[in-house]
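Below is the file protein30.cif, which contains mmCIF, C-alpha atoms (C1' of nucleotides).
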data_model
#
loop_
_atom_site.label_atom_id
_atom_site.label_comp_id
_atom_site.auth_asym_id
_atom_site.auth_seq_id
_atom_site.Cartn_x
_atom_site.Cartn_y
_atom_site.Cartn_z
CA MET A 19 117.78 119.21 98.87
CA HIS A 20 120.66 116.98 97.91
CA TYR A 21 120.72 113.96 95.66
CA ASN A 22 121.65 110.44 96.64
CA LYS A 23 123.38 107.84 94.47
CA TYR A 24 120.29 107.49 92.31
CA MET A 25 120.32 111.18 91.54
CA THR A 26 123.61 111.49 89.71
CA TYR A 27 122.82 114.09 87.11
CA ASN A 28 121.04 117.39 87.45
CA THR A 29 118.18 117.92 85.07
CA ARG A 30 115.58 120.55 84.44
CA GLN A 31 112.84 118.11 85.48
CA LYS A 32 114.39 117.13 88.81
CA ASN A 33 115.01 120.73 89.69
CA SER A 34 111.43 121.74 89.01
CA ILE A 35 110.04 118.77 90.91
CA THR A 36 112.24 119.05 94.00
CA GLU A 37 111.74 122.79 94.17
CA LEU A 38 107.97 122.50 94.08
CA ILE A 39 108.00 119.67 96.62
CA SER A 40 110.13 121.60 99.07
CA GLU A 41 107.52 124.37 99.04
CA GLN A 42 104.72 122.02 100.13
CA SER A 43 103.50 122.43 103.69
CA GLN A 44 100.65 119.97 103.26
CA GLU A 45 100.24 116.46 101.95
CA PHE A 46 100.31 116.13 98.19
CA SER A 47 99.90 113.42 95.59
CA VAL A 48 102.10 112.68 92.59
CA LYS A 49 99.26 113.92 90.41
CA ASP A 50 99.11 117.20 92.36
CA ILE A 51 102.75 117.86 91.55
CA TYR A 52 102.25 116.89 87.93
CA ASN A 53 99.19 119.10 87.51
CA GLU A 54 100.85 122.12 89.09
CA LEU A 55 104.00 121.80 86.98
CA ILE A 56 101.97 121.41 83.80
CA ARG A 57 99.90 124.43 84.83
CA ARG A 58 103.12 126.40 85.17
CA GLY A 59 104.04 125.44 81.64
CA GLU A 60 106.68 122.85 82.48
CA ASP A 61 107.06 119.95 80.08
CA LEU A 62 107.62 116.60 81.77
CA GLY A 63 106.15 113.15 82.29
CA LEU A 64 104.34 111.60 85.22
CA THR A 65 106.87 108.77 85.29
CA THR A 66 109.67 111.15 86.17
CA ILE A 67 107.75 112.49 89.14
CA TYR A 68 107.11 108.98 90.41
CA ARG A 69 110.83 108.33 90.24
CA VAL A 70 111.90 111.50 92.02
CA VAL A 71 109.27 111.03 94.73
CA ASP A 72 110.43 107.44 95.30
CA GLU A 73 114.01 108.60 95.66
CA LEU A 74 113.15 111.39 98.07
CA THR A 75 111.09 108.98 100.14
CA GLU A 76 113.99 106.54 100.18
CA ALA A 77 116.24 109.37 101.29
CA GLY A 78 113.91 110.22 104.18
CA LYS A 79 112.91 113.62 102.78
CA LEU A 80 109.30 112.58 102.28
CA ARG A 81 106.85 110.59 104.33
CA LYS A 82 104.56 108.37 102.29
CA ASN A 83 101.03 108.08 103.60
CA VAL A 84 98.43 105.69 102.27
CA SER A 85 94.95 106.46 103.50
CA ALA A 86 92.19 103.92 104.09
CA ASP A 87 90.69 104.61 100.67
CA GLY A 88 94.02 103.77 99.07
CA ALA A 89 95.02 107.30 98.08
CA VAL A 90 98.79 107.84 98.28
CA ARG A 91 100.01 111.21 99.49
CA TYR A 92 103.38 112.55 100.56
CA GLN A 93 104.51 115.02 103.17
CA TYR A 94 107.73 117.00 102.97
CA LEU A 95 109.59 116.38 106.22
CA ALA A 96 112.00 118.34 108.30
CA ASP A 97 114.56 116.29 110.22
CA CYS A 98 113.17 114.80 113.44
CA ASN A 99 115.75 112.41 114.81
CA HIS A 100 115.40 113.15 118.50
CA LEU A 101 113.35 111.31 121.09
CA GLY A 102 109.98 112.36 122.47
CA HIS A 103 108.55 113.05 119.04
CA CYS A 104 105.20 112.19 117.48
CA TYR A 105 103.01 113.13 114.58
CA LEU A 106 99.57 114.69 114.91
CA LYS A 107 97.69 113.87 111.77
CA CYS A 108 94.54 115.79 111.00
CA GLN A 109 91.97 113.57 109.36
CA HIS A 110 90.07 116.53 107.96
CA CYS A 111 92.71 118.58 106.16
CA GLY A 112 95.48 116.01 105.98
CA ARG A 113 98.07 118.23 107.66
CA LEU A 114 100.75 116.46 109.61
CA LYS A 115 102.03 118.40 112.61
CA HIS A 116 105.10 117.50 114.56
CA ALA A 117 104.87 117.57 118.31
CA ASP A 118 107.55 117.04 120.91
CA CYS A 119 106.94 116.43 124.54
CA HIS A 120 108.20 114.42 127.45
CA LEU A 121 104.89 112.59 127.69
CA VAL A 122 105.63 110.78 124.46
CA ARG A 123 108.88 109.60 125.98
CA GLN A 124 107.06 108.48 129.11
CA LEU A 125 104.52 106.58 127.05
CA THR A 126 107.10 104.73 124.99
CA ASP A 127 109.07 103.82 128.12
CA HIS A 128 105.92 102.53 129.73
CA VAL A 129 104.86 100.56 126.68
CA ARG A 130 108.31 98.96 126.56
CA ASP A 131 108.40 98.08 130.26
CA GLU A 132 104.82 97.01 130.74
CA HIS A 133 103.76 95.77 127.32
CA GLY A 134 107.11 94.51 126.00
CA PHE A 135 106.67 96.65 122.92
CA GLN A 136 109.57 98.61 121.43
CA ALA A 137 108.10 101.73 119.84
CA ASP A 138 109.61 103.43 116.84
CA GLU A 139 109.42 107.08 117.81
CA LYS A 140 109.45 108.24 114.22
CA GLN A 141 106.26 106.28 113.62
CA ILE A 142 103.91 107.37 116.37
CA ILE A 143 100.79 108.76 114.84
CA ILE A 144 97.96 110.41 116.68
CA ASN A 145 95.00 110.86 114.41
CA GLY A 146 92.43 113.50 115.14
CA THR A 147 91.35 117.02 114.34
CA CYS A 148 93.71 119.99 114.27
CA GLU A 149 93.10 123.39 115.84
CA ARG A 150 92.29 125.04 112.55
CA CYS A 151 89.70 122.45 111.56
CA ILE A 152 88.11 122.52 115.00
CA ASN A 153 87.64 126.28 114.71
CA GLU A 154 86.36 126.16 111.17
CA ASN A 155 83.60 123.76 112.13
CA MET B 292 78.65 88.71 113.99
CA HIS B 293 75.48 90.42 112.86
CA TYR B 294 74.56 91.92 109.56
CA ASN B 295 73.71 95.56 108.90
CA LYS B 296 71.23 96.91 106.39
CA TYR B 297 73.43 95.84 103.49
CA MET B 298 73.41 92.26 104.74
CA THR B 299 69.75 91.40 104.44
CA TYR B 300 69.86 87.74 103.47
CA ASN B 301 71.89 84.93 104.93
CA THR B 302 73.87 82.94 102.45
CA ARG B 303 76.33 80.09 102.50
CA GLN B 304 79.08 82.42 101.25
CA LYS B 305 78.58 85.11 103.87
CA ASN B 306 78.51 82.54 106.63
CA SER B 307 81.77 80.96 105.51
CA ILE B 308 83.46 84.31 105.10
CA THR B 309 82.35 85.87 108.38
CA GLU B 310 83.13 82.70 110.30
CA LEU B 311 86.67 82.50 108.94
CA ILE B 312 87.22 86.21 109.54
CA SER B 313 86.10 86.04 113.15
CA GLU B 314 88.75 83.39 113.78
CA GLN B 315 91.57 85.66 112.60
CA SER B 316 93.87 86.98 115.31
CA GLN B 317 96.28 88.56 112.85
CA GLU B 318 96.03 90.85 109.87
CA PHE B 319 94.78 89.23 106.68
CA SER B 320 94.16 90.20 103.09
CA VAL B 321 91.10 89.53 100.95
CA LYS B 322 93.22 87.09 98.98
CA ASP B 323 94.18 85.25 102.19
CA ILE B 324 90.51 84.63 102.96
CA TYR B 325 89.79 83.58 99.39
CA ASN B 326 92.73 81.15 99.27
CA GLU B 327 91.85 79.56 102.58
CA LEU B 328 88.18 79.09 101.68
CA ILE B 329 89.08 77.58 98.30
CA ARG B 330 91.57 75.31 100.04
CA ARG B 331 88.76 74.14 102.32
CA GLY B 332 86.71 73.25 99.29
CA GLU B 333 84.29 76.18 99.40
CA ASP B 334 83.00 77.50 96.10
CA LEU B 335 82.77 81.27 95.91
CA GLY B 336 84.10 84.33 94.11
CA LEU B 337 86.64 86.95 95.11
CA THR B 338 84.07 89.67 94.47
CA THR B 339 81.83 88.37 97.23
CA ILE B 340 84.66 88.54 99.74
CA TYR B 341 85.42 92.12 98.76
CA ARG B 342 81.78 92.98 99.40
CA VAL B 343 81.55 91.28 102.79
CA VAL B 344 84.85 92.79 103.94
CA ASP B 345 83.68 96.27 102.92
CA GLU B 346 80.48 95.84 104.86
CA LEU B 347 82.22 94.56 107.97
CA THR B 348 84.65 97.46 107.80
CA GLU B 349 81.76 99.88 107.45
CA ALA B 350 80.15 98.26 110.48
CA GLY B 351 83.31 98.73 112.54
CA LYS B 352 84.05 95.03 112.86
CA LEU B 353 87.24 95.30 110.84
CA ARG B 354 90.08 97.78 110.75
CA LYS B 355 91.46 98.40 107.29
CA ASN B 356 95.19 98.96 107.12
CA VAL B 357 97.06 100.08 104.05
CA SER B 358 100.81 99.73 104.38
CA ALA B 359 103.37 101.95 102.71
CA ASP B 360 103.82 99.49 99.86
CA GLY B 361 100.10 99.67 99.14
CA ALA B 362 99.14 96.24 100.47
CA VAL B 363 95.67 96.25 102.05
CA ARG B 364 95.14 94.11 105.11
CA TYR B 365 92.36 93.84 107.67
CA GLN B 366 92.24 93.14 111.40
CA TYR B 367 89.27 91.68 113.20
CA LEU B 368 88.47 94.04 116.06
CA ALA B 369 86.98 93.59 119.46
CA ASP B 370 85.03 96.56 120.76
CA CYS B 371 87.26 99.27 122.23
CA ASN B 372 85.15 102.29 122.88
CA HIS B 373 86.65 103.43 126.15
CA LEU B 374 89.24 106.12 126.73
CA GLY B 375 92.95 105.58 127.34
CA HIS B 376 93.24 103.13 124.48
CA CYS B 377 95.85 102.77 121.76
CA TYR B 378 97.07 100.27 119.22
CA LEU B 379 100.56 98.80 119.23
CA LYS B 380 101.29 97.73 115.69
CA CYS B 381 104.20 95.41 115.04
CA GLN B 382 105.91 96.27 111.79
CA HIS B 383 107.48 92.83 111.55
CA CYS B 384 104.60 90.41 112.00
CA GLY B 385 101.68 92.76 111.43
CA ARG B 386 99.98 91.94 114.73
CA LEU B 387 97.92 94.70 116.24
CA LYS B 388 97.83 94.67 120.03
CA HIS B 389 95.46 96.71 122.09
CA ALA B 390 96.87 98.56 125.05
CA ASP B 391 95.13 100.60 127.69
CA CYS B 392 96.81 102.89 130.11
CA HIS B 393 96.39 106.18 131.83
CA LEU B 394 99.45 107.58 130.03
CA VAL B 395 97.57 107.55 126.76
CA ARG B 396 94.88 109.61 128.41
CA GLN B 397 97.50 112.02 129.78
CA LEU B 398 99.05 112.36 126.37
CA THR B 399 95.79 113.12 124.59
CA ASP B 400 94.85 115.65 127.26
CA HIS B 401 98.22 117.32 126.91
CA VAL B 402 98.07 117.34 123.13
CA ARG B 403 94.63 118.95 123.31
CA ASP B 404 95.64 121.60 125.84
CA GLU B 405 99.08 122.46 124.57
CA HIS B 406 98.88 121.71 120.88
CA GLY B 407 95.20 122.39 120.25
CA PHE B 408 94.80 118.96 118.73
CA GLN B 409 91.79 116.78 119.44
CA ALA B 410 92.95 113.18 119.28
CA ASP B 411 90.72 110.33 118.20
CA GLU B 412 91.56 107.66 120.76
CA LYS B 413 90.47 104.87 118.47
CA GLN B 414 93.12 105.99 116.02
CA ILE B 415 96.30 106.23 118.04
CA ILE B 416 98.88 103.96 116.54
CA ILE B 417 102.29 103.23 117.96
CA ASN B 418 104.38 101.42 115.42
CA GLY B 419 107.30 99.29 116.53
CA THR B 420 108.36 95.77 117.33
CA CYS B 421 106.38 93.41 119.54
CA GLU B 422 107.76 91.23 122.31
CA ARG B 423 107.61 88.06 120.28
CA CYS B 424 109.50 89.56 117.32
CA ILE B 425 112.12 91.10 119.61
CA ASN B 426 112.80 87.71 121.16
CA GLU B 427 112.86 85.87 117.84
CA ASN B 428 115.59 88.15 116.52
"C1'" DT C 6 54.55 77.97 96.39
"C1'" DT C 7 55.45 82.35 94.49
"C1'" DG C 8 57.74 86.49 93.34
"C1'" DA C 9 60.10 90.66 94.59
"C1'" DA C 10 64.31 91.85 96.56
"C1'" DA C 11 68.92 90.65 97.35
"C1'" DA C 12 73.17 88.25 96.47
"C1'" DT C 13 76.39 86.00 93.49
"C1'" DG C 14 80.38 85.67 90.36
"C1'" DA C 15 82.63 85.71 85.74
"C1'" DA C 16 84.21 88.99 82.90
"C1'" DA C 17 85.20 93.60 81.76
"C1'" DA C 18 86.44 98.01 83.22
"C1'" DC C 19 89.13 100.89 86.02
"C1'" DC C 20 93.07 103.32 87.66
"C1'" DG C 21 97.21 104.30 89.95
"C1'" DT C 22 101.77 102.62 89.54
"C1'" DT C 23 105.71 100.22 87.39
"C1'" DT C 24 108.28 98.52 83.51
"C1'" DT C 25 110.15 98.82 79.00
"C1'" DC C 26 113.14 100.69 75.76
"C1'" DA C 27 114.56 103.89 72.28
"C1'" DA C 28 115.85 108.62 72.25
"C1'" DA C 29 117.70 112.62 74.60
"C1'" DT C 30 120.62 114.66 78.05
"C1'" DT C 31 124.44 115.27 81.20
"C1'" DC C 32 129.09 116.20 82.30
"C1'" DG C 33 133.99 114.59 82.97
"C1'" DG C 34 137.90 114.00 80.36
"C1'" DA C 35 140.44 114.34 75.95
"C1'" DT D 31 134.96 122.55 72.64
"C1'" DC D 32 133.77 118.03 71.51
"C1'" DC D 33 133.16 113.12 72.55
"C1'" DG D 34 131.04 109.32 74.51
"C1'" DA D 35 129.75 106.45 78.41
"C1'" DA D 36 126.53 106.69 81.92
"C1'" DT D 37 122.29 108.45 83.19
"C1'" DT D 38 117.70 110.24 82.57
"C1'" DT D 39 113.51 110.82 80.21
"C1'" DG D 40 108.72 109.75 78.83
"C1'" DA D 41 105.25 107.48 75.81
"C1'" DA D 42 103.29 103.34 75.67
"C1'" DA D 43 102.50 98.87 77.40
"C1'" DA D 44 102.10 95.96 81.22
"C1'" DC D 45 100.62 95.12 85.76
"C1'" DG D 46 97.66 94.06 89.74
"C1'" DG D 47 94.39 94.95 93.01
"C1'" DT D 48 89.73 96.61 93.27
"C1'" DT D 49 85.22 97.88 91.45
"C1'" DT D 50 81.52 97.62 88.17
"C1'" DT D 51 78.39 95.28 85.22
"C1'" DC D 52 74.72 92.35 84.50
"C1'" DA D 53 72.58 87.97 83.74
"C1'" DT D 54 71.61 84.27 86.78
"C1'" DT D 55 70.66 82.24 91.19
"C1'" DT D 56 69.13 82.39 95.89
"C1'" DT D 57 66.56 83.94 99.81
"C1'" DC D 58 62.54 84.40 102.55
"C1'" DA D 59 58.13 86.67 103.72
"C1'" DA D 60 53.55 86.38 102.45
#
Could you rewrite the structure in this file as structure tokens?
Amino acid sequence: MHYNKYMTYNTRQKNSITELISEQSQEFSVKDIYNELIRRGEDLGLTTIYRVVDELTEAGKLRKNVSADGAVRYQYLADCNHLGHCYLKCQHCGRLKHADCHLVRQLTDHVRDEHGFQADEKQIIINGTCERCINEN
Amino acid sequence: MHYNKYMTYNTRQKNSITELISEQSQEFSVKDIYNELIRRGEDLGLTTIYRVVDELTEAGKLRKNVSADGAVRYQYLADCNHLGHCYLKCQHCGRLKHADCHLVRQLTDHVRDEHGFQADEKQIIINGTCERCINEN
DNA sequence: TTGAAAATGAAAACCGTTTTCAAATTCGGA
DNA sequence: TCCGAATTTGAAAACGGTTTTCATTTTCAA
């Protein structure tokens, strides 16, 4: 993870926070990160985590998700700059899967031609239930 | 608009609120409704609007949207219970269009078969820019 | 008309997030 | 290595939207 202009100096706190975040494969809240770092014996403030998370979101490293009940959670993102991409968001466990397929491309073309709507391919979200949660229930 | 079990009595306030809401073709906030009703000379409290909006959301009459900056807005919804349906959400003006096409159905089938993901067709959201906003800019 | 149930709304509480600001830290250059 | 300007930190206060509280008012069936 590299720092942008707002991340000029390296500090113990930033290193701990960014390291923990880059290990996350599921959505997490600011409080989750805080609690885990405190549990590990780190000494830092909630405010610092808010700042680092904002900067990583700004830099495109995190996706910010606000659910219907107002809870704010973040997802650590790999780079997905190509076309034909969408997100599959599981409403049970909160996992965000990336999926690529030509059908997404077809759909966005169609929506542009027939509905006059220019889709942002980084913002296509299909909500539902993931394989794991289907099997567990 | 009809009331559910939490809407036992008819009142002046509920009638004003539900009438104004059912006229809305765009996203609105609780504050928007409050301001407009006060402007029209109605006498009621913010709290009451929060309660009516919650109940209408519960009843499926409203979609609640929380944007990345935390702002909560609602959209009055027509019934859309059939398959092959998705929402086109304009990130400029906030309008939510409904679109129906067989490609949505194809995509959800594919996602189920190939990615093991069961999509909720009432929750497919394609973010982007609508025709009107494209032409205005 | 009456009264039990429901609804109202002002004020207080709530809670996640942002701002403030004095103190501590970082790190390039002397 | 030391200095000092720029940056970062975090406790506390402020903030703002939403929910809760609770005394009062309203509704409507009997």
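Coordinates place CA of Val363 (chain B) at a distance of 6.3 Å from CA of Ser320 (chain B).
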Practice problem: Could you please select, counting all atoms listed in the file, the residues of chain D within 12 Å of chain A and state them as a ChimeraX atom specification? | Solution: /D:36-42,47-48
Just fit chain B onto chain A on all the Cα atoms, in order, by least squares, and give it as a PDB file with C-alpha atoms, in the coordinates of the input.
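The result, written out as selection30.pdb:
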ATOM      1  CA  MET B 292     117.766 119.125  98.826  1.00  0.00           C
ATOM      2  CA  HIS B 293     120.593 116.849  97.788  1.00  0.00           C
ATOM      3  CA  TYR B 294     120.607 113.822  95.592  1.00  0.00           C
ATOM      4  CA  ASN B 295     121.568 110.297  96.623  1.00  0.00           C
ATOM      5  CA  LYS B 296     123.286 107.683  94.505  1.00  0.00           C
ATOM      6  CA  TYR B 297     120.214 107.297  92.312  1.00  0.00           C
ATOM      7  CA  MET B 298     120.264 111.005  91.516  1.00  0.00           C
ATOM      8  CA  THR B 299     123.556 111.321  89.704  1.00  0.00           C
ATOM      9  CA  TYR B 300     122.799 113.983  87.118  1.00  0.00           C
ATOM     10  CA  ASN B 301     121.045 117.286  87.516  1.00  0.00           C
ATOM     11  CA  THR B 302     118.220 117.887  85.131  1.00  0.00           C
ATOM     12  CA  ARG B 303     115.626 120.543  84.505  1.00  0.00           C
ATOM     13  CA  GLN B 304     112.867 118.111  85.521  1.00  0.00           C
ATOM     14  CA  LYS B 305     114.401 117.090  88.831  1.00  0.00           C
ATOM     15  CA  ASN B 306     115.056 120.690  89.745  1.00  0.00           C
ATOM     16  CA  SER B 307     111.472 121.721  89.062  1.00  0.00           C
ATOM     17  CA  ILE B 308     110.073 118.760  90.939  1.00  0.00           C
ATOM     18  CA  THR B 309     112.275 118.999  94.024  1.00  0.00           C
ATOM     19  CA  GLU B 310     111.810 122.752  94.223  1.00  0.00           C
ATOM     20  CA  LEU B 311     108.023 122.497  94.126  1.00  0.00           C
ATOM     21  CA  ILE B 312     108.047 119.654  96.645  1.00  0.00           C
ATOM     22  CA  SER B 313     110.190 121.545  99.124  1.00  0.00           C
ATOM     23  CA  GLU B 314     107.611 124.336  99.125  1.00  0.00           C
ATOM     24  CA  GLN B 315     104.802 121.997 100.190  1.00  0.00           C
ATOM     25  CA  SER B 316     103.576 122.405 103.755  1.00  0.00           C
ATOM     26  CA  GLN B 317     100.699 119.980 103.312  1.00  0.00           C
ATOM     27  CA  GLU B 318     100.253 116.485 101.980  1.00  0.00           C
ATOM     28  CA  PHE B 319     100.308 116.170  98.204  1.00  0.00           C
ATOM     29  CA  SER B 320      99.898 113.473  95.601  1.00  0.00           C
ATOM     30  CA  VAL B 321     102.081 112.739  92.587  1.00  0.00           C
ATOM     31  CA  LYS B 322      99.235 113.995  90.431  1.00  0.00           C
ATOM     32  CA  ASP B 323      99.122 117.272  92.395  1.00  0.00           C
ATOM     33  CA  ILE B 324     102.773 117.923  91.564  1.00  0.00           C
ATOM     34  CA  TYR B 325     102.266 116.965  87.932  1.00  0.00           C
ATOM     35  CA  ASN B 326      99.206 119.209  87.529  1.00  0.00           C
ATOM     36  CA  GLU B 327     100.892 122.186  89.128  1.00  0.00           C
ATOM     37  CA  LEU B 328     104.050 121.863  87.025  1.00  0.00           C
ATOM     38  CA  ILE B 329     102.021 121.516  83.819  1.00  0.00           C
ATOM     39  CA  ARG B 330      99.969 124.531  84.857  1.00  0.00           C
ATOM     40  CA  ARG B 331     103.211 126.483  85.236  1.00  0.00           C
ATOM     41  CA  GLY B 332     104.145 125.562  81.706  1.00  0.00           C
ATOM     42  CA  GLU B 333     106.758 122.921  82.514  1.00  0.00           C
ATOM     43  CA  ASP B 334     107.105 120.021  80.113  1.00  0.00           C
ATOM     44  CA  LEU B 335     107.634 116.669  81.782  1.00  0.00           C
ATOM     45  CA  GLY B 336     106.125 113.227  82.279  1.00  0.00           C
ATOM     46  CA  LEU B 337     104.278 111.670  85.192  1.00  0.00           C
ATOM     47  CA  THR B 338     106.785 108.819  85.242  1.00  0.00           C
ATOM     48  CA  THR B 339     109.620 111.167  86.120  1.00  0.00           C
ATOM     49  CA  ILE B 340     107.719 112.501  89.111  1.00  0.00           C
ATOM     50  CA  TYR B 341     107.050 108.985  90.354  1.00  0.00           C
ATOM     51  CA  ARG B 342     110.778 108.301  90.171  1.00  0.00           C
ATOM     52  CA  VAL B 343     111.861 111.461  91.981  1.00  0.00           C
ATOM     53  CA  VAL B 344     109.232 110.990  94.693  1.00  0.00           C
ATOM     54  CA  ASP B 345     110.370 107.397  95.254  1.00  0.00           C
ATOM     55  CA  GLU B 346     113.951 108.512  95.609  1.00  0.00           C
ATOM     56  CA  LEU B 347     113.123 111.315  98.017  1.00  0.00           C
ATOM     57  CA  THR B 348     111.052 108.917 100.091  1.00  0.00           C
ATOM     58  CA  GLU B 349     113.921 106.447 100.126  1.00  0.00           C
ATOM     59  CA  ALA B 350     116.210 109.254 101.257  1.00  0.00           C
ATOM     60  CA  GLY B 351     113.888 110.126 104.137  1.00  0.00           C
ATOM     61  CA  LYS B 352     112.923 113.522 102.767  1.00  0.00           C
ATOM     62  CA  LEU B 353     109.312 112.503 102.265  1.00  0.00           C
ATOM     63  CA  ARG B 354     106.836 110.537 104.321  1.00  0.00           C
ATOM     64  CA  LYS B 355     104.536 108.354 102.269  1.00  0.00           C
ATOM     65  CA  ASN B 356     101.005 108.063 103.573  1.00  0.00           C
ATOM     66  CA  VAL B 357      98.408 105.685 102.239  1.00  0.00           C
ATOM     67  CA  SER B 358      94.921 106.430 103.496  1.00  0.00           C
ATOM     68  CA  ALA B 359      92.204 103.866 104.059  1.00  0.00           C
ATOM     69  CA  ASP B 360      90.670 104.570 100.664  1.00  0.00           C
ATOM     70  CA  GLY B 361      93.994 103.776  99.017  1.00  0.00           C
ATOM     71  CA  ALA B 362      94.973 107.325  98.069  1.00  0.00           C
ATOM     72  CA  VAL B 363      98.742 107.860  98.270  1.00  0.00           C
ATOM     73  CA  ARG B 364      99.966 111.209  99.500  1.00  0.00           C
ATOM     74  CA  TYR B 365     103.353 112.531 100.565  1.00  0.00           C
ATOM     75  CA  GLN B 366     104.533 115.012 103.186  1.00  0.00           C
ATOM     76  CA  TYR B 367     107.752 116.958 102.982  1.00  0.00           C
ATOM     77  CA  LEU B 368     109.611 116.319 106.227  1.00  0.00           C
ATOM     78  CA  ALA B 369     112.014 118.317 108.281  1.00  0.00           C
ATOM     79  CA  ASP B 370     114.547 116.279 110.215  1.00  0.00           C
ATOM     80  CA  CYS B 371     113.146 114.860 113.456  1.00  0.00           C
ATOM     81  CA  ASN B 372     115.639 112.438 114.841  1.00  0.00           C
ATOM     82  CA  HIS B 373     115.324 113.225 118.518  1.00  0.00           C
ATOM     83  CA  LEU B 374     113.309 111.399 121.143  1.00  0.00           C
ATOM     84  CA  GLY B 375     109.926 112.446 122.517  1.00  0.00           C
ATOM     85  CA  HIS B 376     108.542 113.125 119.069  1.00  0.00           C
ATOM     86  CA  CYS B 377     105.206 112.250 117.505  1.00  0.00           C
ATOM     87  CA  TYR B 378     103.033 113.202 114.579  1.00  0.00           C
ATOM     88  CA  LEU B 379      99.585 114.728 114.934  1.00  0.00           C
ATOM     89  CA  LYS B 380      97.712 113.909 111.767  1.00  0.00           C
ATOM     90  CA  CYS B 381      94.530 115.789 110.982  1.00  0.00           C
ATOM     91  CA  GLN B 382      92.005 113.531 109.323  1.00  0.00           C
ATOM     92  CA  HIS B 383      90.108 116.481 107.890  1.00  0.00           C
ATOM     93  CA  CYS B 384      92.737 118.575 106.142  1.00  0.00           C
ATOM     94  CA  GLY B 385      95.560 116.052 105.955  1.00  0.00           C
ATOM     95  CA  ARG B 386      98.095 118.301 107.677  1.00  0.00           C
ATOM     96  CA  LEU B 387     100.776 116.542 109.641  1.00  0.00           C
ATOM     97  CA  LYS B 388     102.012 118.480 112.656  1.00  0.00           C
ATOM     98  CA  HIS B 389     105.084 117.595 114.606  1.00  0.00           C
ATOM     99  CA  ALA B 390     104.829 117.608 118.362  1.00  0.00           C
ATOM    100  CA  ASP B 391     107.480 117.063 120.976  1.00  0.00           C
ATOM    101  CA  CYS B 392     106.848 116.445 124.601  1.00  0.00           C
ATOM    102  CA  HIS B 393     108.091 114.458 127.511  1.00  0.00           C
ATOM    103  CA  LEU B 394     104.781 112.570 127.713  1.00  0.00           C
ATOM    104  CA  VAL B 395     105.565 110.801 124.475  1.00  0.00           C
ATOM    105  CA  ARG B 396     108.817 109.668 126.004  1.00  0.00           C
ATOM    106  CA  GLN B 397     106.987 108.484 129.135  1.00  0.00           C
ATOM    107  CA  LEU B 398     104.514 106.580 127.036  1.00  0.00           C
ATOM    108  CA  THR B 399     107.135 104.785 124.968  1.00  0.00           C
ATOM    109  CA  ASP B 400     109.086 103.894 128.100  1.00  0.00           C
ATOM    110  CA  HIS B 401     105.949 102.531 129.704  1.00  0.00           C
ATOM    111  CA  VAL B 402     104.943 100.589 126.618  1.00  0.00           C
ATOM    112  CA  ARG B 403     108.415  99.042 126.502  1.00  0.00           C
ATOM    113  CA  ASP B 404     108.487  98.121 130.188  1.00  0.00           C
ATOM    114  CA  GLU B 405     104.925  96.993 130.665  1.00  0.00           C
ATOM    115  CA  HIS B 406     103.918  95.755 127.248  1.00  0.00           C
ATOM    116  CA  GLY B 407     107.280  94.580 125.938  1.00  0.00           C
ATOM    117  CA  PHE B 408     106.861  96.728 122.864  1.00  0.00           C
ATOM    118  CA  GLN B 409     109.717  98.738 121.406  1.00  0.00           C
ATOM    119  CA  ALA B 410     108.217 101.835 119.830  1.00  0.00           C
ATOM    120  CA  ASP B 411     109.723 103.573 116.834  1.00  0.00           C
ATOM    121  CA  GLU B 412     109.445 107.225 117.820  1.00  0.00           C
ATOM    122  CA  LYS B 413     109.508 108.382 114.232  1.00  0.00           C
ATOM    123  CA  GLN B 414     106.361 106.375 113.641  1.00  0.00           C
ATOM    124  CA  ILE B 415     103.986 107.427 116.381  1.00  0.00           C
ATOM    125  CA  ILE B 416     100.863 108.809 114.832  1.00  0.00           C
ATOM    126  CA  ILE B 417      97.992 110.407 116.672  1.00  0.00           C
ATOM    127  CA  ASN B 418      95.062 110.831 114.363  1.00  0.00           C
ATOM    128  CA  GLY B 419      92.425 113.438 115.097  1.00  0.00           C
ATOM    129  CA  THR B 420      91.320 116.946 114.304  1.00  0.00           C
ATOM    130  CA  CYS B 421      93.638 119.946 114.286  1.00  0.00           C
ATOM    131  CA  GLU B 422      92.960 123.324 115.856  1.00  0.00           C
ATOM    132  CA  ARG B 423      92.174 125.009 112.579  1.00  0.00           C
ATOM    133  CA  CYS B 424      89.630 122.361 111.532  1.00  0.00           C
ATOM    134  CA  ILE B 425      87.994 122.391 114.967  1.00  0.00           C
ATOM    135  CA  ASN B 426      87.490 126.139 114.727  1.00  0.00           C
ATOM    136  CA  GLU B 427      86.243 126.043 111.143  1.00  0.00           C
ATOM    137  CA  ASN B 428      83.478 123.618 112.071  1.00  0.00           C
TER     138      ASN B 428
END
Practice problem: Take the point (80.5, 86.6, 91.7) as written in the file and pick out every residue within 12 Å of it, counting all atoms listed in the file; give the list as a PyMOL selection string. | Solution: (chain B and resi 304+334-342) or (chain C and resi 12-16) or (chain D and resi 50-55)
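Look at DA44 (chain D): the protein and nucleic acid residues within 12 Å of it, using all atoms listed in the file and passing over chain neighbours fewer than 6 places away, are C:DT22, C:DT23, C:DT24, C:DT25.
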Quiz item: Hey, what comes out of the PyMOL selection byres ((chain A and resi 60) around 12) on this file? Could you write it as a VMD selection string?
Solution: chain A and resid 30 to 35 38 51 to 59 61 to 64
Practice problem: Enumerate as a ChimeraX atom specification the residues belonging to chain B that approach chain A to within 10 Å, with only C-alpha atoms taken into account. | Solution: /B:354-363,377,379-382,388-395,397-399,401-403,405-425
Exercise. Counting only C-alpha atoms (C1' of nucleotides), collect the residues of chain C whose closest atom lies at most 12 Å from chain A, and write them out as a PyMOL selection string.
Key: chain C and resi 20-24+29-33
